[in-house]
Amino acid sequence: MVAQLVAVLLALPVSAAAADEAATAERAARLERASQLKRSAAQRQAEANRRFEQLEAGCQKRFRVNACRDEAHRELTRETNEARRLENEGKALERQVRKEERDEREARRQAEAPKRAAELQVREKETAAARAAVEQREADSRTAKAAKAREGARRKAADAERLHRKQAAHEARRAKKMEKAASTAGEAGQP
């Protein structure tokens, strides 16, 4: 039972492809028929025009010239109408084939719409996830830079404090030495 179901499911794409090929071949045959009809119509029209010119030239030799011309014109009109009918039939075949192809494309597009919508949702989710990851990296980077800046400011403040203490200690030693030198000079200057 399962084997039969698998065989049927595997045959579906093959039969669908074969049906598509058959439909394509049938459309191509109808397009060729339409082309033949249009060529035939053009040939008939050309032949009718040539025949009309011959008949009109022959009418000049007859006694009843206008009646002959009227008959030649009626024949031209009949042939022209038949040529137009053939051409219109060919054009109708072409329109029908184009409409079928357009309908088939639309049906295929409609059938693929849920798949495209699902793919679009997946792409949107992936894009949103990628955007969130980039934003998170940027936020992490900003946080790290802020932490480094705070650490740098703390170090700078500590260095400034150390320098200030060092300068204060130096000034204190210098003042002490100056005081000592002044007191030594004061003692030496007092006999």
# chains A, B, ... in the order shown; residues from 1 in each chain; ligands from 1
>>> closest_atom_pairs(of="segment 89-152 of chain A", to="segment 37-55 of chain A", cutoff="10 Å", atoms="only C-alpha atoms", output="CSV")
residue,atom,partner,partner_atom,distance
A:Glu89,CA,A:Leu37,CA,7.2
A:Gly90,CA,A:Leu37,CA,5.2
A:Lys91,CA,A:Lys38,CA,7.6
A:Leu93,CA,A:Leu37,CA,9.6
>>> closest_residue(among="A:Ala158, A:Glu87, A:Ala25, A:Glu56", to="Ala72 of chain A", atoms="only C-alpha atoms")
A:Glu56
>>> atom_distance(atom1="atom CA of Leu86 of chain A", atom2="atom CA of Arg33 of chain A")
10.9 Å
>>> residues_around(residues="Cys59 of chain A", least_positions_apart="4", cutoff="8 Å", atoms="only C-alpha atoms", output="ChimeraX atom specification")
/A:55,64-66,68-69
>>> atom_distance(atom1="atom CA of Glu119 of chain A", atom2="atom CA of Lys99 of chain A")
28.9 Å
>>> atom_distance(atom1="atom CA of Arg162 of chain A", atom2="atom CA of Ala182 of chain A")
29.2 Å
>>> closest_residue(among="A:Glu151, A:Glu94, A:Glu79, A:Glu161", to="Glu32 of chain A", atoms="only C-alpha atoms")
A:Glu94
>>> closest_residue(among="A:Ala118, A:Ala144, A:Glu101, A:Val134", to="Ala23 of chain A", atoms="only C-alpha atoms")
A:Glu101
